[in-house]
Amino acid sequence: MRIPLLLTLISAFISLPAAATAGRDLKFAGYHSAMLRWTASARHANYQELAPTAERLAEFEKSGYRSVALDKSQHLHIGPDKTIEETISNVQLFLSASGAENDGNLGFWLDASQQHAEIEAAYVLQPDGGIIDVEPETIQINTDNSANIFNDDVYVTLPFPQLKPGSIAVLRYKIDTPENPLGFPWFRNYYPVNLHPIEQFKVSVTWDDAAQKPDWRTDYPKLVCQENAFDLNCTSNEATAPLLTDNDMPPLYDVLPVLALAEQSSWVALSSSMRSLSDTALTGDKRMADLAARLRNGATNPDEIIARLALFVARDIRYVGIEHGHGGMRPRPTPDTLERRFGDCKDKTMLFVDLARHSGLDAYPVLTSTQRTSLAKLLLPASNYFNHMLACVSLAGDKEVCVDLTDPDTSSGHLSYAVQGAVALTVGRGASAPRNLDADSYTWRVDVKADNKMNADGSIVERLERHYASHWGAGLRKTLAAKSRMEIDRWLTNDYQAIMGNKAKPELGVQGLEAPELPMVLTSTTVFQNVFDGKAIRSYQEQDPWLRDLADKSKTFNNHYDYTFRGVHYQSEFSYQAYPEKHIGNVGPEIDYSSRWGTFQRYYRQTGDSLTAYTNLRMPRTQVPIDKIPEFNRFLDLVGRETRIGFGLR
């Protein structure tokens, strides 16, 4: 499914009349000549009327800004035939050489299959009064370069010339969008706060016919909006600093304040329209029934059937998105997807739905997003919030099983990491509102088993197995599947030595690369020399390095946002076999900690001169409030300190 271009539109409006000019079409190989037109006028703004005051400039420099959007303005006109004309302007002040280096190319997204754009102004104002126009010949066109996705979305880049500290770049352009050919309502999101500072933000909307009056909502209290009979005007009442960020912050679209504009519609209507579109992929081809029977291979348990069908579609039908024109929204007929052995998310989803229904399962497509988890941010009914599709099956007892057919590495019992807890809209079935997909209680699951044989010469031979399940296993599988045998060996060595150091050279192995229903197992056999004095030793102690590393990496240092902790379940069995001259005596203390964040236990079991230390850490998925993060980290610090395993020898 095409990721919707929300046209965040880093822009501002300069209310200067453009001189009448015929302009000229800019020609780019592979694109129609009317896609982009240059109509830039010779009339320019004055530097002084755009530049900030000296006091404000000093505040910018004190804040360390490298560039500032002095003005971002968007004007949108809704035509009676549902055409949309947008005029977008951006005035950007560059405060440093790094600002010019990093932010000196301005531009915008364009759907080359149906939209047309005109560049009305593009020039640089210098503090000394100089004016330099952008050269049309330097304008560049780029696709989004997403792997295996081919669509009509292009980014128009304008390199602004002779930028230096103090330069102001002005860009104004117009985009014409016809009515959606598939009949879906138009929609726009505008962001008064972004990752850069904005001095002034404005959105104005006009319409000629009362029937075209749009719905609108904003969750930004500093955006003042005035609606009249045929227009809407919204202006921020103060400058905005860049959005605060954290390493472990929520998805960006979950926290950005927004102004939503949309053609009047409802979630029920959108869900129904998407069902009508999706159903065109189901042709009743007999091959689907025959294939479903072969894949089931006599299985009658619904979960087993789902697993078999999902494994085929996820691993045998590779992901390739050819999304030109209607291909961004309309799935292809399932026989075509099967014949080609490739498709995008909606193609693969509908193939699974077809096979599942021929297997007697109540399967249906579901829209979702890899970029959103907050239902509160879906301000108006719109399909643009969703950039992905997966399949769900309704089972007895109100049970629902969902599968992401673009993920060949995660077992069918778990949704892919990218859509855990994501917003979703069921296609058809009377869906009246979006919902959140389920999320696993433990995203990161690992079982560690270590068999340590102690020898009289002071060496230890360790045979180690690390079983990574669920998303951890899927991530490892994805990482290693694309590597050669030599590259895998190098990766395994680096992974092991990052925790254990490089003093010993282990024999390494991996299991489960081609079996997503099973855990990924990383094995090692290592001889550690001169660990202890075989004659003098009276006690032995070591740390569980894998648990120590996990506890450290699970901490967060967010300063601004609550932390969505995705859940950890760690189990280990560390066994020790003494050599004939020594016998295992006293063992270390048992541990049994419990807090609001989880539980942590360790106990020992001894059989003759063999000892096993069992450790179990359970920290389920939770939302950690910003003021509770120190407490959360302290629990993990406690876990890290208590990774010691010890016992006496006599």
# chains A, B, ... in the order shown; residues from 1 in each chain; ligands from 1
>>> closest_atom_pairs(of="stretch 283-317 of chain A", to="stretch 412-427 of chain A", cutoff="10 Å", atoms="only C-alpha atoms", output="Markdown table")
| residue | atom | partner | partner_atom | distance |
| --- | --- | --- | --- | --- |
| A:Asp303 | CA | A:Gly413 | CA | 8.3 |
| A:Glu304 | CA | A:Ser412 | CA | 9.3 |
| A:Ile306 | CA | A:Ser412 | CA | 7.3 |
| A:Ala307 | CA | A:Ser412 | CA | 5.3 |
| A:Arg308 | CA | A:Ser412 | CA | 8.7 |
| A:Leu309 | CA | A:Ser412 | CA | 9.4 |
| A:Ala310 | CA | A:Ser412 | CA | 6.6 |
| A:Leu311 | CA | A:Ser412 | CA | 7.5 |
| A:Ala314 | CA | A:Ser412 | CA | 9.7 |
>>> residues_around(residues="stretch 365-376 of chain A", least_positions_apart="5", cutoff="10 Å", atoms="only C-alpha atoms", output="ChimeraX atom specification")
/A:1,3,219,250-255,271,274-275,278-279,346,349-350,352-353,383-393,402-403,416-428,433-437
>>> write_last_selection(atoms="N, CA and C atoms", output="compact mmCIF listing (two decimals), in the first residue's frame")
# COMPACT_ATOMS: atom_id res chain seq x y z
N MET A 1 0.85 -1.19 0.00
CA MET A 1 0.00 0.00 0.00
C MET A 1 0.88 1.23 0.00
N ILE A 3 2.42 4.56 0.97
CA ILE A 3 2.47 5.39 2.17
C ILE A 3 1.97 6.78 1.80
N ASP A 219 -5.64 19.73 17.51
CA ASP A 219 -5.35 19.42 18.91
C ASP A 219 -4.27 20.35 19.46
N PRO A 250 7.66 8.29 21.59
CA PRO A 250 6.62 7.64 20.79
C PRO A 250 6.83 7.95 19.30
N PRO A 251 6.08 7.27 18.43
CA PRO A 251 6.15 7.62 17.00
C PRO A 251 5.88 9.11 16.80
N LEU A 252 6.57 9.69 15.84
CA LEU A 252 6.51 11.14 15.64
C LEU A 252 5.08 11.63 15.45
N TYR A 253 4.29 10.91 14.64
CA TYR A 253 2.92 11.36 14.37
C TYR A 253 2.01 11.21 15.59
N ASP A 254 2.47 10.51 16.61
CA ASP A 254 1.69 10.39 17.85
C ASP A 254 1.85 11.61 18.75
N VAL A 255 2.84 12.44 18.47
CA VAL A 255 3.11 13.57 19.37
C VAL A 255 3.07 14.94 18.67
N SER A 271 -14.44 2.41 5.62
CA SER A 271 -14.25 0.97 5.74
C SER A 271 -15.01 0.23 4.65
N MET A 274 -13.29 0.74 1.23
CA MET A 274 -12.08 -0.07 1.11
C MET A 274 -12.42 -1.53 0.89
N ARG A 275 -13.52 -1.98 1.49
CA ARG A 275 -13.93 -3.37 1.26
C ARG A 275 -14.32 -3.58 -0.20
N SER A 278 -11.15 -3.81 -2.10
CA SER A 278 -10.40 -5.03 -1.82
C SER A 278 -11.06 -6.26 -2.42
N ASP A 279 -12.38 -6.28 -2.42
CA ASP A 279 -13.09 -7.45 -2.93
C ASP A 279 -12.85 -7.69 -4.41
N LYS A 346 -1.10 -5.26 0.32
CA LYS A 346 -2.51 -5.53 0.04
C LYS A 346 -2.68 -6.72 -0.89
N THR A 349 -2.00 -9.73 1.34
CA THR A 349 -3.09 -9.88 2.29
C THR A 349 -4.30 -10.52 1.62
N MET A 350 -4.67 -10.03 0.44
CA MET A 350 -5.86 -10.57 -0.22
C MET A 350 -5.64 -12.00 -0.70
N PHE A 352 -3.84 -14.21 0.99
CA PHE A 352 -4.08 -14.98 2.21
C PHE A 352 -5.57 -15.06 2.52
N VAL A 353 -6.29 -13.95 2.41
CA VAL A 353 -7.73 -13.95 2.68
C VAL A 353 -8.45 -14.93 1.76
N SER A 383 -8.44 7.73 5.13
CA SER A 383 -7.64 6.55 4.83
C SER A 383 -6.15 6.85 4.88
N ASN A 384 -5.78 8.14 4.80
CA ASN A 384 -4.37 8.51 4.75
C ASN A 384 -3.60 8.17 6.01
N TYR A 385 -4.29 7.92 7.11
CA TYR A 385 -3.59 7.56 8.34
C TYR A 385 -2.92 6.19 8.23
N PHE A 386 -3.36 5.38 7.28
CA PHE A 386 -2.92 3.99 7.22
C PHE A 386 -1.99 3.78 6.03
N ASN A 387 -0.86 3.14 6.27
CA ASN A 387 0.11 2.90 5.21
C ASN A 387 0.42 1.42 5.02
N HIS A 388 -0.42 0.55 5.59
CA HIS A 388 -0.11 -0.87 5.55
C HIS A 388 -1.41 -1.66 5.65
N MET A 389 -1.37 -2.90 5.19
CA MET A 389 -2.53 -3.79 5.31
C MET A 389 -2.06 -5.16 5.77
N LEU A 390 -2.85 -5.77 6.65
CA LEU A 390 -2.60 -7.15 7.08
C LEU A 390 -3.92 -7.90 7.11
N ALA A 391 -3.88 -9.16 7.48
CA ALA A 391 -5.07 -9.99 7.49
C ALA A 391 -5.36 -10.49 8.90
N CYS A 392 -6.64 -10.59 9.22
CA CYS A 392 -7.06 -11.14 10.50
C CYS A 392 -8.08 -12.24 10.25
N VAL A 393 -8.17 -13.14 11.21
CA VAL A 393 -9.12 -14.25 11.16
C VAL A 393 -9.90 -14.27 12.46
N CYS A 402 -4.24 -12.21 13.89
CA CYS A 402 -3.83 -11.35 12.79
C CYS A 402 -2.42 -11.72 12.34
N VAL A 403 -2.17 -11.62 11.04
CA VAL A 403 -0.87 -11.98 10.47
C VAL A 403 -0.43 -10.89 9.50
N SER A 416 4.06 -8.65 13.51
CA SER A 416 5.41 -8.11 13.33
C SER A 416 5.65 -6.95 14.28
N TYR A 417 6.90 -6.74 14.59
CA TYR A 417 7.29 -5.70 15.56
C TYR A 417 6.74 -4.34 15.18
N ALA A 418 6.74 -4.02 13.87
CA ALA A 418 6.38 -2.68 13.41
C ALA A 418 4.93 -2.32 13.67
N VAL A 419 4.04 -3.31 13.84
CA VAL A 419 2.62 -2.99 14.01
C VAL A 419 2.07 -3.45 15.36
N GLN A 420 2.93 -3.78 16.30
CA GLN A 420 2.47 -4.12 17.64
C GLN A 420 1.78 -2.89 18.27
N GLY A 421 0.50 -3.02 18.58
CA GLY A 421 -0.23 -1.92 19.19
C GLY A 421 -0.57 -0.78 18.26
N ALA A 422 -0.42 -0.97 16.95
CA ALA A 422 -0.65 0.11 15.98
C ALA A 422 -2.14 0.38 15.81
N VAL A 423 -2.46 1.58 15.31
CA VAL A 423 -3.84 1.89 14.97
C VAL A 423 -4.26 1.01 13.80
N ALA A 424 -5.55 0.70 13.73
CA ALA A 424 -6.04 -0.20 12.69
C ALA A 424 -7.50 0.10 12.41
N LEU A 425 -7.92 -0.18 11.18
CA LEU A 425 -9.32 -0.06 10.77
C LEU A 425 -9.69 -1.33 10.02
N THR A 426 -10.62 -2.09 10.56
CA THR A 426 -11.09 -3.30 9.89
C THR A 426 -11.79 -2.91 8.59
N VAL A 427 -11.49 -3.63 7.53
CA VAL A 427 -12.09 -3.37 6.23
C VAL A 427 -13.43 -4.09 6.16
N GLY A 428 -14.51 -3.31 6.05
CA GLY A 428 -15.84 -3.90 6.03
C GLY A 428 -16.27 -4.37 7.41
N ALA A 433 -15.18 2.45 13.78
CA ALA A 433 -14.12 3.30 14.33
C ALA A 433 -12.80 2.53 14.28
N PRO A 434 -11.69 3.25 14.28
CA PRO A 434 -10.39 2.58 14.37
C PRO A 434 -10.21 1.94 15.74
N ARG A 435 -9.21 1.08 15.82
CA ARG A 435 -8.87 0.40 17.07
C ARG A 435 -7.36 0.23 17.11
N ASN A 436 -6.88 -0.33 18.19
CA ASN A 436 -5.47 -0.70 18.28
C ASN A 436 -5.31 -2.19 18.12
N LEU A 437 -4.30 -2.60 17.36
CA LEU A 437 -3.96 -4.01 17.28
C LEU A 437 -3.39 -4.48 18.62
>>> select_by_dssp(residues="stretch 265-392 of chain A", states="strand (DSSP E)", output="list in words")
Arg318, Tyr319, Gly321, Ile322, Phe342, Gly343, Asp362, Ala363, Tyr364, Pro365, Val366, Leu367, Thr368, His388, Met389, Leu390, Ala391 and Cys392 of chain A
>>> atom_distance(atom1="atom CA of A:Phe230", atom2="atom CA of A:Trp186")
17.7 Å
>>> residues_around(residues="stretch 162-168 of chain A", least_positions_apart="6", cutoff="6 Å", atoms="only C-alpha atoms", output="list in words")
Gln92, Leu93, Phe94, Leu95, Ser96, Ala97, Ala100, Val124, Leu125 and Gln126 of chain A
>>> select_by_dssp(residues="stretch 56-291 of chain A", states="helix (DSSP H, G or I)", output="number ranges by chain")
A: 56-63, 97-103, 136-138, 210-212, 252-255, 267-279, 286-291
>>> residues_around(residues="stretch 618-635 of chain A", least_positions_apart="3", cutoff="10 Å", atoms="only C-alpha atoms", output="ChimeraX atom specification")
/A:439-445,551-552,554-571,593-601,638-641
>>> write_last_selection(atoms="N, CA and C atoms", output="compact mmCIF listing (two decimals), in the first residue's frame")
# COMPACT_ATOMS: atom_id res chain seq x y z
N ALA A 439 -0.86 -6.22 21.25
CA ALA A 439 0.59 -6.18 21.41
C ALA A 439 1.01 -7.27 22.38
N ASP A 440 2.11 -7.97 22.08
CA ASP A 440 2.61 -9.03 22.95
C ASP A 440 3.05 -8.45 24.29
N SER A 441 2.83 -9.22 25.35
CA SER A 441 3.30 -8.79 26.67
C SER A 441 4.82 -8.78 26.75
N TYR A 442 5.45 -9.70 26.00
CA TYR A 442 6.92 -9.79 26.03
C TYR A 442 7.44 -9.76 24.58
N THR A 443 7.90 -8.59 24.16
CA THR A 443 8.46 -8.48 22.81
C THR A 443 9.81 -9.18 22.73
N TRP A 444 10.62 -9.06 23.79
CA TRP A 444 11.97 -9.63 23.79
C TRP A 444 11.98 -10.85 24.70
N ARG A 445 12.16 -12.02 24.10
CA ARG A 445 12.16 -13.28 24.86
C ARG A 445 13.40 -14.08 24.51
N ALA A 551 19.72 -6.05 30.92
CA ALA A 551 19.22 -5.09 31.90
C ALA A 551 19.70 -3.69 31.60
N ASP A 552 20.95 -3.57 31.18
CA ASP A 552 21.49 -2.25 30.87
C ASP A 552 20.81 -1.64 29.65
N SER A 554 17.86 -2.23 28.50
CA SER A 554 16.41 -2.03 28.66
C SER A 554 16.08 -0.72 29.35
N LYS A 555 17.08 -0.05 29.91
CA LYS A 555 16.83 1.22 30.58
C LYS A 555 16.54 2.32 29.54
N THR A 556 15.86 3.34 30.00
CA THR A 556 15.58 4.49 29.15
C THR A 556 16.02 5.76 29.85
N PHE A 557 16.31 6.77 29.05
CA PHE A 557 16.72 8.05 29.60
C PHE A 557 15.89 9.18 29.00
N ASN A 558 14.60 8.86 28.75
CA ASN A 558 13.69 9.90 28.25
C ASN A 558 13.59 11.06 29.23
N ASN A 559 13.56 12.25 28.69
CA ASN A 559 13.39 13.45 29.50
C ASN A 559 12.06 14.14 29.28
N HIS A 560 11.36 13.77 28.19
CA HIS A 560 10.18 14.52 27.80
C HIS A 560 8.92 13.66 27.63
N TYR A 561 9.09 12.37 27.35
CA TYR A 561 7.94 11.54 27.00
C TYR A 561 7.90 10.29 27.87
N ASP A 562 6.68 9.81 28.12
CA ASP A 562 6.52 8.50 28.74
C ASP A 562 7.20 7.46 27.86
N TYR A 563 7.62 6.38 28.48
CA TYR A 563 8.38 5.33 27.79
C TYR A 563 7.49 4.10 27.58
N THR A 564 7.33 3.72 26.32
CA THR A 564 6.62 2.48 26.03
C THR A 564 7.62 1.33 26.09
N PHE A 565 7.63 0.64 27.22
CA PHE A 565 8.52 -0.51 27.39
C PHE A 565 7.83 -1.73 26.79
N ARG A 566 8.50 -2.43 25.90
CA ARG A 566 7.85 -3.47 25.10
C ARG A 566 7.90 -4.86 25.73
N GLY A 567 8.49 -4.98 26.88
CA GLY A 567 8.42 -6.24 27.60
C GLY A 567 9.59 -7.17 27.36
N VAL A 568 10.12 -7.73 28.47
CA VAL A 568 11.27 -8.65 28.43
C VAL A 568 10.94 -9.89 29.25
N HIS A 569 11.22 -11.05 28.70
CA HIS A 569 11.18 -12.30 29.46
C HIS A 569 12.50 -13.02 29.23
N TYR A 570 13.30 -13.09 30.29
CA TYR A 570 14.62 -13.71 30.22
C TYR A 570 14.65 -14.89 31.18
N GLN A 571 15.07 -16.05 30.66
CA GLN A 571 15.27 -17.25 31.49
C GLN A 571 16.65 -17.80 31.21
N TYR A 593 12.64 -10.92 43.89
CA TYR A 593 12.26 -9.52 43.92
C TYR A 593 10.97 -9.33 43.12
N SER A 594 10.14 -8.41 43.59
CA SER A 594 8.91 -8.09 42.88
C SER A 594 8.67 -6.59 42.98
N SER A 595 8.29 -5.98 41.86
CA SER A 595 7.97 -4.56 41.84
C SER A 595 6.87 -4.34 40.82
N ARG A 596 6.44 -3.11 40.69
CA ARG A 596 5.40 -2.78 39.71
C ARG A 596 5.89 -3.02 38.29
N TRP A 597 7.21 -3.14 38.13
CA TRP A 597 7.76 -3.31 36.78
C TRP A 597 7.98 -4.77 36.42
N GLY A 598 7.95 -5.67 37.38
CA GLY A 598 8.13 -7.07 37.06
C GLY A 598 8.68 -7.87 38.23
N THR A 599 9.10 -9.10 37.93
CA THR A 599 9.65 -9.99 38.96
C THR A 599 11.00 -10.52 38.51
N PHE A 600 11.83 -10.83 39.52
CA PHE A 600 13.18 -11.32 39.26
C PHE A 600 13.49 -12.38 40.31
N GLN A 601 13.73 -13.62 39.84
CA GLN A 601 14.02 -14.72 40.76
C GLN A 601 15.28 -15.48 40.32
N LEU A 638 19.11 -2.93 39.80
CA LEU A 638 19.10 -4.03 40.76
C LEU A 638 19.32 -5.36 40.06
N VAL A 639 18.61 -5.56 38.96
CA VAL A 639 18.79 -6.80 38.19
C VAL A 639 20.24 -6.92 37.74
N GLY A 640 20.81 -5.82 37.24
CA GLY A 640 22.19 -5.87 36.77
C GLY A 640 23.19 -6.19 37.86
N ARG A 641 22.93 -5.68 39.08
CA ARG A 641 23.84 -5.96 40.19
C ARG A 641 23.73 -7.40 40.67
>>> closest_residue(among="A:Ile84, A:Val154, A:Leu50, A:Ala239", to="A:Trp109", atoms="only C-alpha atoms")
A:Val154
>>> residues_around(residues="A:Asp495", least_positions_apart="6", cutoff="12 Å", atoms="only C-alpha atoms", output="list of chain:residue names")
A:Arg466, A:Leu476, A:Leu480, A:Ile488, A:Asp489, A:Gly501, A:Asn502, A:Pro506, A:Leu508, A:Gly509, A:Leu522, A:Thr523, A:Ser524, A:Trp546, A:Asp549
>>> write_last_selection(atoms="C-alpha atoms", output="PDB file, in the first residue's frame")
ATOM      1  CA  ARG A 466      20.778 -18.833  23.386  1.00  0.00           C
ATOM      2  CA  LEU A 476      18.014 -12.016  14.176  1.00  0.00           C
ATOM      3  CA  LEU A 480      21.334 -13.102   9.175  1.00  0.00           C
ATOM      4  CA  ILE A 488      27.264 -14.862   9.286  1.00  0.00           C
ATOM      5  CA  ASP A 489      30.394 -16.234  10.942  1.00  0.00           C
ATOM      6  CA  GLY A 501      35.352 -10.252  25.162  1.00  0.00           C
ATOM      7  CA  ASN A 502      37.963 -11.574  22.762  1.00  0.00           C
ATOM      8  CA  PRO A 506      34.549 -19.930  20.480  1.00  0.00           C
ATOM      9  CA  LEU A 508      29.917 -20.740  16.855  1.00  0.00           C
ATOM     10  CA  GLY A 509      26.771 -21.951  15.163  1.00  0.00           C
ATOM     11  CA  LEU A 522      22.876 -19.268  18.633  1.00  0.00           C
ATOM     12  CA  THR A 523      25.358 -21.862  19.912  1.00  0.00           C
ATOM     13  CA  SER A 524      28.926 -21.614  21.108  1.00  0.00           C
ATOM     14  CA  TRP A 546      23.762 -11.859  28.937  1.00  0.00           C
ATOM     15  CA  ASP A 549      23.725  -6.601  29.094  1.00  0.00           C
TER      16      ASP A 549
END
>>> residues_around(residues="stretch 281-285 of chain A", least_positions_apart="4", cutoff="10 Å", atoms="only C-alpha atoms", output="PyMOL selection string")
chain A and resi 276-277+289-290+330-337+346-347+350-351+353-354+358
>>> closest_residue(among="A:Met454, A:Ile322, A:Leu223, A:Ile584", to="A:Asp153", atoms="only C-alpha atoms")
A:Ile322
>>> atom_distance(atom1="atom CA of A:Gly343", atom2="atom CA of A:Thr410")
18.5 Å
>>> residues_around(residues="A:Glu86", least_positions_apart="4", cutoff="12 Å", atoms="only C-alpha atoms", output="list in words")
Leu7, Leu9, Ser11, Phe13, Ser73, Gln74, His75, Leu76, His77, Ile78, Gly79, Leu110, Gln115, His116, Ala117, Glu118, Ile119, Arg172, Tyr173, Lys174, Ile175, Asp176, Thr177, Pro178, Arg188, Val203, Ser204, Val205 and Thr206 of chain A
